[in-house]
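Chemist: My structure is below; once you've seen it, I'll send some questions.
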Amino acid sequence: MTDNTLIAAAVEPSVVRRQDYLPPAFWIDTVDLCFDLEPAKTRVLNKMRVRRNPAAPEQPLRLHGEALNLARVLVNGQGASFKLEDGLLVLSNLPDDEAGFDLEIFTTCQPDKNTLLSGLFVSQGTFFTQCEAEGFRRITYFLDRPDVMSVYTVTLRADKAAYPVLLSNGNLVEQGELEGGRHYAKWHDPFRKPSYLFALVAGQLVAREQHIKARNGCEHLLQVYVRPGDLEKTEHAMQSLIASIAWDETRFGLHLDLERFMIVATSDFNMGAMENKGLNIFNTKYVLANQATATDTDFSNVESVVGHEYFHNWTGNRITCRDWFQLSLKEGLTVFRDQEFSMDMAGSDSARAVKRIEDVRLLRTVQFAEDAGPMAHPVRPDSYQEINNFYTVTIYEKGAEVVRMMHTLVGEAGFRKGVSLYFERHDGQAVTCDDFAQAIADANPESELARLLPQFKRWYSQAGTPHVYAVGQHDAAAQTYTLTFTQKIKPTPGQPDKQPAVIPLRVALFSASGQPLQLQLQSAEGIEPAASEHTLVLHDSLQAFTFANVPEAPIPSILRGFSAPVVLHQNLGDEALEVLLEHDSDPFNRWEAGQQWAQRLLLAAIGAGDASAEAAPTPTVLPERFIDALRQVLRDPQLDAAFQDLMLTLPSEAYLAEQLDVVDPQRIHQVRQAAQRQLARALAPEWQAVWEAHQDTGAYRPDAQSAGRRALAAKALFMLCLLAAETGDAVWPGKAYQRFKDAGNMTDRLNALTALVHAGHPLAEPALTRFHQLFKNEALVLDKWFQLQASAPDAGGRGLHKVQQLMQHADFNLKNPNRARSLIFAFTNANPAAFHREDGAGYQFWADQVIALNAINAQVAARLARALDAWRKLDEPFRHHAEAALRRVAAQDKLSKDVREIIEKALV
Ligand code: TRP
Ligand code: ZN
């Protein structure tokens with residue numbers, strides 16, 4: 001062996017593999033924790049009742065621990081023999097008593113030094129914990145894995161003046177005074193839980209409270225805890241919680257199982273929120289909302305995240321994951337549930353479709369890109385280096401689509417039966433994705449899901465997005481119409497060969513004039529009863545379906561409602577797309593017809609080489625016919641405003657990039673901008689009419705209907721300001737500035753400001769200054785202020801410089817994840833034309849920030865590191881600059897394993 005291989009072996013990152021799973025050698029039945037909370041040095045006394053797992057091979061007890069100072073270890077009250085090995089506390093010669101033994105461990109930690117925000121940390125003077133996935137080991141030595149479930153009793157002791165509120169999971173059983181101005185509270189959680197669901201909070205907080213009576217007569221106390229000035233921003237979160245509880249009762253028959261349910265908000269948080277049993281901890285961004293400071297989007301995000309965390313109480317907490325490879329068991333299912341909740345809350349069919357379109361847009365831009373890049377992984381991954389890197393859109397959003405396909409295959413009633421069987425079998429257990437799929441299939445033995453279960457489960461094991469190619473053939477003589485489908489998944493890292501997926505395709509047919517046709521599917525048994533829609537189930541690489549009694553060539557509407565997470569290729573002509581855009585009875589596919597048409601036009605212009613779009617004085621990317629179709633949409637009084645707004649939104653630059661093998665971000669930007677300006681110009685009268693029609697004078701309500709009207713009015717204002725930038729017109733920028741000043745809510749105010757900033761109008765500067773002045777004490781609004789500037793068009797290539805200036809602003813703070821995301825991520829992830837510079841300076845800035853964040857917060861740094869995932873697809877000169885920046889990060893010697901995993905995979 002040469003020295004080189006020795007070194008390589010030494011730094012080989014440790015890979016965790018699903019196949020290596022072994023049950024724990026010990027169980028921990030009860031945990032009694034006592035905290036003496038001090039920011040600089042918190043003392044933790046951990047008393048456990050431990051017993052050997054009779055089903056596991058005999059092994060020493062290896063407890064996880066990280067960043068702890070160990071002071072004492074006692075076994076049955078006696079000093080024990082232990083050693084520390086690679087951070088593990090290893091105990092051998094343990095009592096061989098079947099009843100188990102007492103293990104007592106005393107450690108200290110430093111919450112005020114914890115910038116990782118994992119484990120116990122201090123945010124604005126208040127203690128919080130974040131234990132998922134592996135943060136509990138930063139609080140005490142433990143079997144920090146989700147299949148070890150224990151009953152917790154927690155005593156918190158702290159200075160009473162500084163920390164008047166002391167919270168943990170479950171029920172408050174005792175509280176009182178201690179010497180020296182200190183006090184204590186003792187909590188008991190009757191439910192066994194894995195360590196990742198442990199939580200504590202201690203600080204100066206106030207709560208909005210609500211007593212509710214559930215349908216089964218049980219009474220509950222609901223509390224939303226925030227910092228003293230924020231109480232008036234908690235009404236919407238409380239209403240969302242009440243609605244979530246009612247929804248889970250009606251839709252799934254699942255009841256709140258706790259006397260008390262608490263939500264606590266913190267402004268320093270790595271993710272959105274965390275479902276700790278009975279004590280959810282939230283990023284303030286997903287709790288605080290009032291009309292003066294939060295937009296319609298914020299309101300709807302609060303509703304869905306409150307729902308998401310609440311729904312975890314059953315899907316995640318009552319039934320949890322056996323190991324972290326099963327993460328989508330709880331996340332995919334819970335995202336499916338929160339999506340359905342939001343749709344049910346939205347009400348009308350049109351509002352439901354709008355929510356579906358928004359969810360699909362996220363999936364197709366971010367998840368499809370992940371599936372096509374260096375971090376591609378199955379919904380149930382086979383390996384990881386750092387589990388925090390696997391809280392991804394694949395686990396969450398694609399996982400939700402997999403659950404949704406099961407729902408489609410067994411129907412709503414069948415799905416509910418399946419979920420009931422899942423709880424009957426597994427309540428209180430730590431289980432696998434297989435267990436879930438098996439329960440849904442077993443409850444529906446006659447379903448296509450049961451028949452195709454092994455093939456269906458490839459959705460869990462195979463990475464990559466299936467591409468489905470559809471060809472329609474009409475046989476005039478036989479009066480039949482045959483749809484032939486082929487499917488293909490491209491290789492992904494570590495998975496060169498793919499097998500066919502089970503793909504439910506909801507399909508309808510329309511006549512050339514847009515009339516819905518009755519479908520009569522021919523099968524081996526004869527002709528199936530006529531229906532207006534069919535769900536065709538693909539499971540092979542090539543399959544054909546024939547419909548009888550089709551007198552003339554129909555127009556197919558395939559993948560209605562986006563019934564599977566696939567890319568559909570079909571060669572529909574402009575006429576057919578126009579018919580679907582006007583007549584499809586499925587609102588999703590109606591929207592999709594417009595998107596496909598726009599995509600084809602934009603991609604053609606992007607490919608057209610020497611920039612006809614930028615060169616021509618009146619650039620035409622979009623033909624009159626397409627613009628006319630959108631004009632009809634804007635003029636249609638039957639359509640909901642939110643739906644019109646989506647129809648009038650061109651595919652994003654990120655989505656267009658996703659369709660290309662070689663990406664020139666500048667070219668994509670130019671073409672899309674040209675098309676956008678064309679829409680502004682050609683539809684000017686309609687934009688004006690829309691603006692007038694949607695001036696709402698009533699009181700602010702964040703419901704889907706009125707939010708949709710605000711969104712459409714905002715698009716009109718945006719377009720008219722864009723047009724004014726060309727014509728020199730002063731009227732619309734003037735109106736925008738007026739609206740910005742007078743707006744009665746943050747949605748209208750921010751939209752007006754956005755219109756000015758994106759049009760590059762001189763009024764943008766004074767408006768930004770005024771906005772900062774008005775909201776300098778509102779952290780979440782300042783985030784919007786940073787974000788808007790970081791994602792503003794790169795006029796004259798000054799975008800990067802602007803961001804660098806803002807990094808020096810007194811209100812910028814790299815340690816606060818929300819603030820870092822609002823400035824840095826908004827620039828790298830949401831402003832492609834400013835980020836992808838021909839001189840590579842954007843990538844150099846990215847590398848600097850990844851390195852800086854790596855030293856503060858590895859999780860946030862690793863998220864930022866992913867901004868260059870798609871670097872290999874970049875055209876030159878972007879590509880070599882990107883590679884240089886990646887290599888510079890890779891060469892750092894103090895990289896966290898979080899960042900190292902991302903960068904190494906990108907460079908493979
Ligand atoms: N389980 C949380 C959710 O999806 C996610 C989460 C919150 C998380 N904080 C985290 C994951 C920190 C990893 C690390 O609801
Ligand atoms: Zn979740």
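Following the order of the structure tokens, first chain is A, next is B, and so on, with residues numbered from 1 inside each chain and ligands from 1 in the order they appear.
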Quick one: everything within 9 Å of Gly316 in chain A, counting only C-alpha atoms, minus sequence neighbours fewer than 3 positions away in the same chain. Send it as a list in words.

Modeler: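 Using only C-alpha atoms, the neighbours found are Glu275, Phe311, His312, Asn313, Ile319, Thr320, Cys321, Leu329, Lys330, Glu331, Leu333 and Thr334 of chain A.
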
Chemist: Do you know which residues are within 12 Å of ligand 2 using only C-alpha atoms and all ligand atoms? Can you write them as a tab-separated table (two decimals) with C-alpha atoms, in the first residue's frame?

Modeler:
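The result, written out as out38.tsv:
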chain	number	residue	atom	x	y	z
A	132	GLU	CA	-34.36	15.73	14.70
A	133	ALA	CA	-32.54	14.01	13.27
A	197	LEU	CA	-39.19	14.13	19.40
A	271	MET	CA	-35.99	24.53	8.93
A	272	GLY	CA	-39.68	25.41	8.90
A	273	ALA	CA	-40.92	23.71	12.04
A	274	MET	CA	-40.60	20.60	14.18
A	275	GLU	CA	-43.27	18.19	15.39
A	276	ASN	CA	-41.95	17.41	18.92
A	280	ASN	CA	-44.10	21.90	18.28
A	281	ILE	CA	-41.29	24.39	17.70
A	282	PHE	CA	-41.68	26.71	14.75
A	304	SER	CA	-50.07	24.45	5.86
A	305	VAL	CA	-47.06	24.22	8.19
A	306	VAL	CA	-49.24	24.31	11.31
A	307	GLY	CA	-51.27	21.54	9.68
A	308	HIS	CA	-48.16	19.60	8.69
A	309	GLU	CA	-46.68	19.56	12.19
A	310	TYR	CA	-50.02	18.80	13.79
A	311	PHE	CA	-50.65	15.89	11.40
A	312	HIS	CA	-47.25	14.45	12.35
A	313	ASN	CA	-48.73	13.69	15.75
A	314	TRP	CA	-50.21	10.56	14.13
A	315	THR	CA	-48.07	10.15	11.04
A	316	GLY	CA	-44.61	10.41	12.55
A	317	ASN	CA	-45.10	10.40	16.30
A	320	THR	CA	-42.54	6.62	13.71
A	327	LEU	CA	-37.86	9.30	6.59
A	328	SER	CA	-40.43	9.60	3.81
A	329	LEU	CA	-42.70	7.24	5.74
A	330	LYS	CA	-43.55	10.22	7.92
A	331	GLU	CA	-42.63	13.14	5.66
A	332	GLY	CA	-44.16	12.01	2.36
A	333	LEU	CA	-47.35	10.93	4.08
A	334	THR	CA	-47.56	14.10	6.16
A	335	VAL	CA	-46.95	16.37	3.16
A	336	PHE	CA	-49.72	14.50	1.33
A	337	ARG	CA	-51.96	15.17	4.33
A	338	ASP	CA	-51.06	18.86	4.57
A	391	TYR	CA	-34.44	16.30	4.20
A	392	THR	CA	-35.02	16.90	0.52
A	393	VAL	CA	-37.77	17.63	-1.97
A	395	ILE	CA	-38.24	12.70	0.49
A	396	TYR	CA	-40.96	15.31	1.07
A	397	GLU	CA	-42.59	16.21	-2.25
A	399	GLY	CA	-42.74	11.05	-1.28
A	400	ALA	CA	-46.10	12.83	-1.12

Chemist: Can you list every residue in range 110-218 of chain A that DSSP puts in strand (DSSP E), as a ChimeraX atom specification?

Modeler: /A:119-123,126-130,149-159,165-168,171-177,182-194,200-203,206-213

Chemist: I want to know what sits within 9 Å of range 353-356 of chain A, based on only C-alpha atoms, with residues of the same chain fewer than 3 positions away left out; could you give that as a list in words?

Modeler: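 What passes the distance filter is Gln339, Ser342, Met343, Ala346, Ser348, Asp349, Ser350, Asp359, Val360, Arg361, Gly561, Phe562, Asp586, Pro587, Phe588, Ala642, Phe643 and Leu646 of chain A.
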
Chemist: Using only C-alpha atoms, determine which residues lie at most 9 Å from range 734-742 of chain A, disregarding the query and same-chain residues fewer than 2 positions distant; provide the list as a list of chain:residue names.

Modeler: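 Listed by chain and then number, they are A:Leu717, A:Phe718, A:Cys721, A:Ala730, A:Val731, A:Trp732, A:Gly744, A:Asn745, A:Asp748, A:Arg749, A:Leu750, A:Asn751, A:Ala752, A:Leu753, A:Ala755, A:Leu756, A:Leu763, A:Ala764, A:Ala767, A:Arg770, A:Phe771.
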
Chemist: Please produce a file of the residues just selected, as a short mmCIF file (atom, residue, chain, number, x, y, z; two decimals), in the first residue's frame, where the atoms kept are C-alpha atoms.

Modeler:
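Ended up saving to part22.cif:
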data_model
loop_
_atom_site.label_atom_id
_atom_site.label_comp_id
_atom_site.auth_asym_id
_atom_site.auth_seq_id
_atom_site.Cartn_x
_atom_site.Cartn_y
_atom_site.Cartn_z
CA LEU A 717 -49.49 46.31 -12.03
CA PHE A 718 -46.20 44.49 -12.56
CA CYS A 721 -44.81 49.04 -14.80
CA ALA A 730 -45.14 57.82 -15.61
CA VAL A 731 -48.74 56.97 -14.74
CA TRP A 732 -48.38 53.33 -13.72
CA GLY A 744 -53.77 48.41 3.89
CA ASN A 745 -51.94 45.10 3.88
CA ASP A 748 -50.50 44.89 -1.76
CA ARG A 749 -47.63 46.90 -0.35
CA LEU A 750 -44.93 44.38 -1.19
CA ASN A 751 -46.41 43.70 -4.63
CA ALA A 752 -46.38 47.39 -5.50
CA LEU A 753 -42.79 47.68 -4.29
CA ALA A 755 -43.37 46.13 -9.46
CA LEU A 756 -41.22 49.25 -9.04
CA LEU A 763 -39.11 55.47 -7.53
CA ALA A 764 -37.88 52.06 -6.36
CA ALA A 767 -39.73 53.24 -1.79
CA ARG A 770 -39.27 54.10 3.20
CA PHE A 771 -40.09 50.41 3.53
#

Chemist: For range 895-904 of chain A, work out the shell of residues within 7 Å, counting only C-alpha atoms and skipping chain neighbours fewer than 4 positions away, then give it as a PyMOL selection string.

Modeler: chain A and resi 385-386+389+854+858-859+861-862+865-866+886+890+908

Chemist: Selection from above, C-alpha atoms, as a short mmCIF file (atom, residue, chain, number, x, y, z; two decimals), in the first residue's frame, can you write it?

Modeler:
data_model
loop_
_atom_site.label_atom_id
_atom_site.label_comp_id
_atom_site.auth_asym_id
_atom_site.auth_seq_id
_atom_site.Cartn_x
_atom_site.Cartn_y
_atom_site.Cartn_z
CA GLN A 385 -23.10 10.42 4.86
CA GLU A 386 -25.10 13.07 6.72
CA ASN A 389 -28.71 16.37 3.75
CA ASN A 854 -19.66 26.11 7.19
CA ALA A 858 -23.21 23.22 8.74
CA GLN A 859 -26.84 22.46 7.90
CA ALA A 861 -24.09 25.80 4.64
CA ALA A 862 -24.91 22.44 3.04
CA ALA A 865 -23.77 24.29 -1.26
CA ARG A 866 -26.48 22.71 -3.38
CA LEU A 886 -16.56 23.99 -6.23
CA ALA A 890 -13.59 21.09 -1.67
CA VAL A 908 -17.95 13.06 -8.90
#

Chemist: Looking at A:Phe191, A:Phe835, A:Phe127, A:Trp324, which one is nearest to ligand 1, with distances taken over only C-alpha atoms and all ligand atoms?

Modeler: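 The shortest atom-to-atom distance to ligand 1 comes from A:Trp324.
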
Chemist: Just want the 8 Å neighbourhood of Ala629 in chain A, counted on only C-alpha atoms, with same-chain residues fewer than 3 positions away dropped. Output as an MDAnalysis selection string.

Modeler: chainID A and resid 578 581:582 625:626 632:633

Chemist: Determine, counting only C-alpha atoms, which protein, DNA and RNA residues have an atom within 10 Å of an atom of Ser383 in chain A; residues of the same chain fewer than 3 positions away are not included. Present the result as a list in words.

Modeler: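 These residues fall inside the cut-off: Val15, Val16, Arg17, Arg18, Gln19, Asp20, Trp324, Phe325, His377, Pro378, Arg380, Glu386, Ile387 and Phe390 of chain A.
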
Chemist: Among range 669-869 of chain A, which ones does DSSP place in helix (DSSP H, G or I), written as a PyMOL selection string?

Modeler: chain A and resi 669-682+684-693+704-727+731-742+746-759+764-774+779-790+795-797+799-807+817-830+832-835+841-854+858-868

Chemist: So the first atom is CA of Pro95 in chain A and the second is CA of Arg192 in chain A; what is the distance between them in Å, to one decimal place?

Modeler: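 Atom-to-atom, CA of Pro95 in chain A and CA of Arg192 in chain A are spaced 24.3 Å apart.
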
Chemist: So what do you get for CA of Val201 in chain A versus CA of Leu167 in chain A, distance-wise?

Modeler: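 These atoms are spaced 5.0 Å apart.
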